[in-house]
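Colleague: mmCIF, C-alpha atoms, saved as data_22.cif, coming up:
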data_coords
loop_
_atom_site.group_PDB
_atom_site.id
_atom_site.type_symbol
_atom_site.label_atom_id
_atom_site.label_comp_id
_atom_site.auth_asym_id
_atom_site.auth_seq_id
_atom_site.Cartn_x
_atom_site.Cartn_y
_atom_site.Cartn_z
ATOM 1 C CA MET A 1 0.045 1.787 -10.803
ATOM 2 C CA GLN A 2 -2.298 4.571 -9.794
ATOM 3 C CA VAL A 3 -1.095 8.114 -10.341
ATOM 4 C CA CYS A 4 -2.540 11.590 -10.333
ATOM 5 C CA LYS A 5 -1.295 14.799 -11.857
ATOM 6 C CA ASN A 6 -0.933 17.973 -9.823
ATOM 7 C CA LYS A 7 -3.103 20.702 -11.368
ATOM 8 C CA ASN A 8 -0.539 23.460 -10.772
ATOM 9 C CA SER A 9 2.825 21.810 -11.443
ATOM 10 C CA GLY A 10 1.747 19.145 -13.925
ATOM 11 C CA LYS A 11 3.914 16.630 -12.033
ATOM 12 C CA TYR A 12 2.758 13.102 -11.349
ATOM 13 C CA PHE A 13 2.336 11.695 -7.860
ATOM 14 C CA ILE A 14 1.844 8.008 -7.057
ATOM 15 C CA TYR A 15 -1.492 7.474 -5.343
ATOM 16 C CA ILE A 16 -1.514 5.319 -2.207
ATOM 17 C CA GLN A 17 -4.943 5.839 -0.603
ATOM 18 C CA ASP A 18 -7.624 8.244 0.550
ATOM 19 C CA THR A 19 -6.943 9.461 4.080
ATOM 20 C CA GLY A 20 -10.252 11.185 4.770
ATOM 21 C CA ASN A 21 -11.124 14.886 5.008
ATOM 22 C CA ASP A 22 -10.773 15.135 1.205
ATOM 23 C CA GLU A 23 -7.072 14.249 1.385
ATOM 24 C CA VAL A 24 -5.044 11.564 -0.339
ATOM 25 C CA LEU A 25 -1.790 9.866 0.602
ATOM 26 C CA LEU A 26 0.749 10.140 -2.213
ATOM 27 C CA VAL A 27 4.385 9.612 -3.143
ATOM 28 C CA THR A 28 5.641 13.011 -4.282
ATOM 29 C CA PRO A 29 8.022 13.574 -7.213
ATOM 30 C CA ASP A 30 10.756 13.972 -4.567
ATOM 31 C CA ALA A 31 9.883 10.485 -3.237
ATOM 32 C CA TYR A 32 8.319 11.674 0.012
ATOM 33 C CA ILE A 33 5.042 10.309 1.325
ATOM 34 C CA LYS A 34 2.579 13.098 2.040
ATOM 35 C CA SER A 35 -1.107 13.567 2.664
ATOM 36 C CA LEU A 36 -2.397 16.375 0.440
ATOM 37 C CA LYS A 37 -5.768 17.848 -0.501
ATOM 38 C CA ALA A 38 -7.407 15.789 -3.233
ATOM 39 C CA ASN A 39 -8.645 18.876 -5.074
ATOM 40 C CA LEU A 40 -5.035 19.758 -5.977
ATOM 41 C CA PHE A 41 -4.974 16.827 -8.411
ATOM 42 C CA VAL A 42 -6.592 15.613 -11.582
ATOM 43 C CA ASP A 43 -8.470 12.315 -11.255
ATOM 44 C CA ILE A 44 -6.540 9.174 -10.382
ATOM 45 C CA GLU A 45 -5.445 7.128 -13.403
ATOM 46 C CA ASP A 46 -4.229 3.541 -13.763
ATOM 47 C CA LYS A 47 -1.056 3.413 -15.849
ATOM 48 C CA GLU A 48 1.809 0.998 -16.432
ATOM 49 C CA ALA A 49 4.849 1.824 -14.299
ATOM 50 C CA ASP A 50 7.216 1.140 -17.208
ATOM 51 C CA SER A 51 5.499 3.648 -19.488
ATOM 52 C CA LEU A 52 5.373 6.237 -16.697
ATOM 53 C CA LEU A 53 9.110 5.830 -16.170
ATOM 54 C CA ALA A 54 9.904 5.871 -19.890
ATOM 55 C CA SER A 55 7.937 9.092 -20.377
ATOM 56 C CA GLY A 56 9.525 10.725 -17.326
ATOM 57 C CA GLN A 57 6.176 11.185 -15.603
ATOM 58 C CA ILE A 58 7.442 9.433 -12.477
ATOM 59 C CA THR A 59 10.910 8.586 -11.186
ATOM 60 C CA GLU A 60 12.550 5.379 -10.083
ATOM 61 C CA ALA A 61 12.884 6.941 -6.609
ATOM 62 C CA GLN A 62 9.098 7.357 -6.433
ATOM 63 C CA ILE A 63 8.542 3.726 -7.381
ATOM 64 C CA GLN A 64 11.098 2.519 -4.848
ATOM 65 C CA ARG A 65 9.507 4.610 -2.089
ATOM 66 C CA PHE A 66 6.072 3.258 -3.007
ATOM 67 C CA ARG A 67 7.352 -0.341 -2.877
ATOM 68 C CA VAL A 68 9.001 0.227 0.508
ATOM 69 C CA TYR A 69 5.749 1.716 1.817
ATOM 70 C CA GLU A 70 3.758 -1.287 0.557
ATOM 71 C CA LYS A 71 6.243 -3.744 2.084
ATOM 72 C CA ASP A 72 6.201 -1.926 5.412
ATOM 73 C CA ARG A 73 2.415 -2.026 5.453
ATOM 74 C CA SER A 74 2.340 -5.754 4.718
ATOM 75 C CA ASP A 75 4.870 -6.325 7.507
ATOM 76 C CA ASP A 76 2.588 -4.383 9.870
ATOM 77 C CA THR A 77 -0.337 -6.612 8.902
ATOM 78 C CA VAL A 78 1.606 -9.778 9.629
ATOM 79 C CA GLU A 79 2.709 -8.395 12.993
ATOM 80 C CA GLU A 80 -0.896 -7.493 13.837
ATOM 81 C CA ILE A 81 -2.076 -11.008 12.960
ATOM 82 C CA GLU A 82 0.713 -12.494 15.057
ATOM 83 C CA TYR A 83 -0.279 -10.285 18.003
ATOM 84 C CA LEU A 84 -3.936 -11.335 17.709
ATOM 85 C CA PHE A 85 -2.946 -14.992 17.390
ATOM 86 C CA ASP A 86 -1.070 -14.725 20.680
ATOM 87 C CA GLN A 87 -4.248 -13.417 22.351
ATOM 88 C CA VAL A 88 -6.498 -16.413 21.612
ATOM 89 C CA SER A 89 -6.840 -19.708 23.461
ATOM 90 C CA PRO A 90 -4.917 -22.831 22.418
ATOM 91 C CA TYR A 91 -8.172 -24.340 21.123
ATOM 92 C CA GLU A 92 -8.873 -21.278 18.947
ATOM 93 C CA LYS A 93 -5.278 -21.367 17.655
ATOM 94 C CA LYS A 94 -5.710 -25.000 16.630
ATOM 95 C CA ARG A 95 -9.021 -24.235 14.877
ATOM 96 C CA LEU A 96 -7.448 -21.301 13.044
ATOM 97 C CA ILE A 97 -4.440 -23.340 11.919
ATOM 98 C CA GLU A 98 -6.705 -26.123 10.601
ATOM 99 C CA MET A 99 -8.856 -23.596 8.736
ATOM 100 C CA LEU A 100 -5.767 -21.991 7.175
ATOM 101 C CA LYS A 101 -4.451 -25.399 6.108
ATOM 102 C CA LYS A 102 -7.748 -26.087 4.322
ATOM 103 C CA LYS A 103 -7.682 -22.701 2.602
ATOM 104 C CA MET A 104 -4.090 -23.149 1.442
ATOM 105 C CA GLY A 105 -4.644 -26.638 0.064
ATOM 106 C CA PRO A 106 -1.969 -29.313 -0.235
ATOM 107 C CA ALA A 107 1.494 -28.295 0.895
ATOM 108 C CA THR A 108 4.128 -27.985 -1.793
ATOM 109 C CA GLU A 109 7.842 -28.218 -1.173
#
Let me see the file written as structure tokens.

Modeller:
Amino acid sequence: MQVCKNKNSGKYFIYIQDTGNDEVLLVTPDAYIKSLKANLFVDIEDKEADSLLASGQITEAQIQRFRVYEKDRSDDTVEEIEYLFDQVSPYEKKRLIEMLKKKMGPATE
């Protein structure tokens, strides 16, 4: 898990992504998602979630909020792919399905 420490408070925020304009998207200690100026934080570090929790550097609420955010984003991606799929011709759909079958390999049940 990627985290960064606020220079003023010393609290840890879970890093999500850069948002541009020298800002980063983070999960705050209060489990809110906010875009904040990157210069307010020490460099991003990779740490184990379990050790961060055990040391009290992050909270379970932060982790849960981060997981919900990730799930929501993956749901958005699937919906976008579905929308695009609906826009192509039947021939292109068939080609895409065949290509995906090859990439996935033999079906397992």

Colleague: Need to verify the contact set: segment 23-29 of chain A, 8 Å, all atoms listed in the file, exclusion of same-chain residues closer than 2 positions in sequence. Can you return it as a ChimeraX atom specification?

Modeller: /A:11-21,31-38,58-59,62,65-66

Colleague: Return the single residue from A:Val78, A:Ile63, A:Met99, A:Val3 that is closest to Asp30 of chain A, with distances computed using only C-alpha atoms.

Modeller: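 Looking at the shortest contact to Asp30 of chain A, the residue is A:Ile63.
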
Colleague: Rounded to one decimal in Å, what is the spacing between atom CA of Phe41 of chain A and atom CA of Ser9 of chain A?

Modeller: 9.7 Å

Colleague: Enter the distance from atom CA of Ile44 of chain A to atom CA of Lys5 of chain A, in Å, rounded to one decimal.

Modeller: 7.8 Å

Colleague: Regenerate segment 12-37 of chain A at the level of N, CA, C and O atoms and dump it as a PDB file, keeping the file's coordinate frame.

Modeller:
ATOM      1  N   TYR A  12       3.512  14.280 -11.748  1.00  0.00           N
ATOM      2  CA  TYR A  12       2.758  13.102 -11.349  1.00  0.00           C
ATOM      3  C   TYR A  12       3.171  12.624  -9.964  1.00  0.00           C
ATOM      4  O   TYR A  12       4.343  12.602  -9.621  1.00  0.00           O
ATOM      5  N   PHE A  13       2.173  12.239  -9.197  1.00  0.00           N
ATOM      6  CA  PHE A  13       2.336  11.695  -7.860  1.00  0.00           C
ATOM      7  C   PHE A  13       1.768  10.281  -7.879  1.00  0.00           C
ATOM      8  O   PHE A  13       0.759  10.032  -8.543  1.00  0.00           O
ATOM      9  N   ILE A  14       2.383   9.367  -7.157  1.00  0.00           N
ATOM     10  CA  ILE A  14       1.844   8.008  -7.057  1.00  0.00           C
ATOM     11  C   ILE A  14       0.806   7.996  -5.941  1.00  0.00           C
ATOM     12  O   ILE A  14       1.079   8.395  -4.812  1.00  0.00           O
ATOM     13  N   TYR A  15      -0.381   7.544  -6.288  1.00  0.00           N
ATOM     14  CA  TYR A  15      -1.492   7.474  -5.343  1.00  0.00           C
ATOM     15  C   TYR A  15      -1.340   6.245  -4.456  1.00  0.00           C
ATOM     16  O   TYR A  15      -1.063   5.151  -4.927  1.00  0.00           O
ATOM     17  N   ILE A  16      -1.525   6.439  -3.153  1.00  0.00           N
ATOM     18  CA  ILE A  16      -1.514   5.319  -2.207  1.00  0.00           C
ATOM     19  C   ILE A  16      -2.934   5.031  -1.715  1.00  0.00           C
ATOM     20  O   ILE A  16      -3.429   3.928  -1.864  1.00  0.00           O
ATOM     21  N   GLN A  17      -3.588   6.057  -1.123  1.00  0.00           N
ATOM     22  CA  GLN A  17      -4.943   5.839  -0.603  1.00  0.00           C
ATOM     23  C   GLN A  17      -5.578   7.156  -0.199  1.00  0.00           C
ATOM     24  O   GLN A  17      -4.903   8.160  -0.020  1.00  0.00           O
ATOM     25  N   ASP A  18      -6.906   7.113  -0.037  1.00  0.00           N
ATOM     26  CA  ASP A  18      -7.624   8.244   0.550  1.00  0.00           C
ATOM     27  C   ASP A  18      -7.356   8.219   2.042  1.00  0.00           C
ATOM     28  O   ASP A  18      -7.313   7.154   2.657  1.00  0.00           O
ATOM     29  N   THR A  19      -7.195   9.395   2.642  1.00  0.00           N
ATOM     30  CA  THR A  19      -6.943   9.461   4.080  1.00  0.00           C
ATOM     31  C   THR A  19      -8.086  10.111   4.841  1.00  0.00           C
ATOM     32  O   THR A  19      -8.022  10.256   6.046  1.00  0.00           O
ATOM     33  N   GLY A  20      -9.123  10.512   4.143  1.00  0.00           N
ATOM     34  CA  GLY A  20     -10.252  11.185   4.770  1.00  0.00           C
ATOM     35  C   GLY A  20     -10.085  12.687   4.697  1.00  0.00           C
ATOM     36  O   GLY A  20      -9.039  13.202   4.301  1.00  0.00           O
ATOM     37  N   ASN A  21     -11.138  13.422   5.040  1.00  0.00           N
ATOM     38  CA  ASN A  21     -11.124  14.886   5.008  1.00  0.00           C
ATOM     39  C   ASN A  21     -10.694  15.429   3.652  1.00  0.00           C
ATOM     40  O   ASN A  21      -9.969  16.419   3.557  1.00  0.00           O
ATOM     41  N   ASP A  22     -11.106  14.731   2.582  1.00  0.00           N
ATOM     42  CA  ASP A  22     -10.773  15.135   1.205  1.00  0.00           C
ATOM     43  C   ASP A  22      -9.277  15.220   0.961  1.00  0.00           C
ATOM     44  O   ASP A  22      -8.803  16.081   0.224  1.00  0.00           O
ATOM     45  N   GLU A  23      -8.517  14.324   1.600  1.00  0.00           N
ATOM     46  CA  GLU A  23      -7.072  14.249   1.385  1.00  0.00           C
ATOM     47  C   GLU A  23      -6.701  12.871   0.872  1.00  0.00           C
ATOM     48  O   GLU A  23      -7.418  11.897   1.084  1.00  0.00           O
ATOM     49  N   VAL A  24      -5.564  12.817   0.184  1.00  0.00           N
ATOM     50  CA  VAL A  24      -5.044  11.564  -0.339  1.00  0.00           C
ATOM     51  C   VAL A  24      -3.581  11.411   0.078  1.00  0.00           C
ATOM     52  O   VAL A  24      -2.870  12.397   0.237  1.00  0.00           O
ATOM     53  N   LEU A  25      -3.173  10.172   0.270  1.00  0.00           N
ATOM     54  CA  LEU A  25      -1.790   9.866   0.602  1.00  0.00           C
ATOM     55  C   LEU A  25      -1.072   9.546  -0.702  1.00  0.00           C
ATOM     56  O   LEU A  25      -1.531   8.709  -1.486  1.00  0.00           O
ATOM     57  N   LEU A  26       0.051  10.219  -0.932  1.00  0.00           N
ATOM     58  CA  LEU A  26       0.749  10.140  -2.213  1.00  0.00           C
ATOM     59  C   LEU A  26       2.253  10.023  -2.025  1.00  0.00           C
ATOM     60  O   LEU A  26       2.785  10.420  -0.987  1.00  0.00           O
ATOM     61  N   VAL A  27       2.928   9.535  -3.072  1.00  0.00           N
ATOM     62  CA  VAL A  27       4.385   9.612  -3.143  1.00  0.00           C
ATOM     63  C   VAL A  27       4.683  10.788  -4.064  1.00  0.00           C
ATOM     64  O   VAL A  27       4.295  10.798  -5.231  1.00  0.00           O
ATOM     65  N   THR A  28       5.351  11.786  -3.533  1.00  0.00           N
ATOM     66  CA  THR A  28       5.641  13.011  -4.282  1.00  0.00           C
ATOM     67  C   THR A  28       6.746  12.766  -5.313  1.00  0.00           C
ATOM     68  O   THR A  28       7.464  11.770  -5.239  1.00  0.00           O
ATOM     69  N   PRO A  29       6.913  13.689  -6.251  1.00  0.00           N
ATOM     70  CA  PRO A  29       8.022  13.574  -7.213  1.00  0.00           C
ATOM     71  C   PRO A  29       9.395  13.520  -6.535  1.00  0.00           C
ATOM     72  O   PRO A  29      10.344  12.988  -7.112  1.00  0.00           O
ATOM     73  N   ASP A  30       9.501  14.032  -5.324  1.00  0.00           N
ATOM     74  CA  ASP A  30      10.756  13.972  -4.567  1.00  0.00           C
ATOM     75  C   ASP A  30      10.854  12.712  -3.719  1.00  0.00           C
ATOM     76  O   ASP A  30      11.745  12.597  -2.871  1.00  0.00           O
ATOM     77  N   ALA A  31       9.921  11.785  -3.917  1.00  0.00           N
ATOM     78  CA  ALA A  31       9.883  10.485  -3.237  1.00  0.00           C
ATOM     79  C   ALA A  31       9.593  10.576  -1.742  1.00  0.00           C
ATOM     80  O   ALA A  31      10.052   9.767  -0.956  1.00  0.00           O
ATOM     81  N   TYR A  32       8.807  11.583  -1.361  1.00  0.00           N
ATOM     82  CA  TYR A  32       8.319  11.674   0.012  1.00  0.00           C
ATOM     83  C   TYR A  32       6.871  11.202   0.034  1.00  0.00           C
ATOM     84  O   TYR A  32       6.146  11.348  -0.954  1.00  0.00           O
ATOM     85  N   ILE A  33       6.446  10.682   1.171  1.00  0.00           N
ATOM     86  CA  ILE A  33       5.042  10.309   1.325  1.00  0.00           C
ATOM     87  C   ILE A  33       4.358  11.432   2.075  1.00  0.00           C
ATOM     88  O   ILE A  33       4.786  11.813   3.162  1.00  0.00           O
ATOM     89  N   LYS A  34       3.298  11.974   1.440  1.00  0.00           N
ATOM     90  CA  LYS A  34       2.579  13.098   2.040  1.00  0.00           C
ATOM     91  C   LYS A  34       1.077  12.940   1.840  1.00  0.00           C
ATOM     92  O   LYS A  34       0.626  12.383   0.844  1.00  0.00           O
ATOM     93  N   SER A  35       0.332  13.480   2.789  1.00  0.00           N
ATOM     94  CA  SER A  35      -1.107  13.567   2.664  1.00  0.00           C
ATOM     95  C   SER A  35      -1.426  14.987   2.188  1.00  0.00           C
ATOM     96  O   SER A  35      -1.039  15.960   2.835  1.00  0.00           O
ATOM     97  N   LEU A  36      -2.096  15.072   1.036  1.00  0.00           N
ATOM     98  CA  LEU A  36      -2.397  16.375   0.440  1.00  0.00           C
ATOM     99  C   LEU A  36      -3.867  16.452   0.058  1.00  0.00           C
ATOM    100  O   LEU A  36      -4.532  15.420  -0.106  1.00  0.00           O
ATOM    101  N   LYS A  37      -4.371  17.649  -0.112  1.00  0.00           N
ATOM    102  CA  LYS A  37      -5.768  17.848  -0.501  1.00  0.00           C
ATOM    103  C   LYS A  37      -6.025  17.249  -1.882  1.00  0.00           C
ATOM    104  O   LYS A  37      -5.265  17.484  -2.830  1.00  0.00           O
TER     105      LYS A  37
END
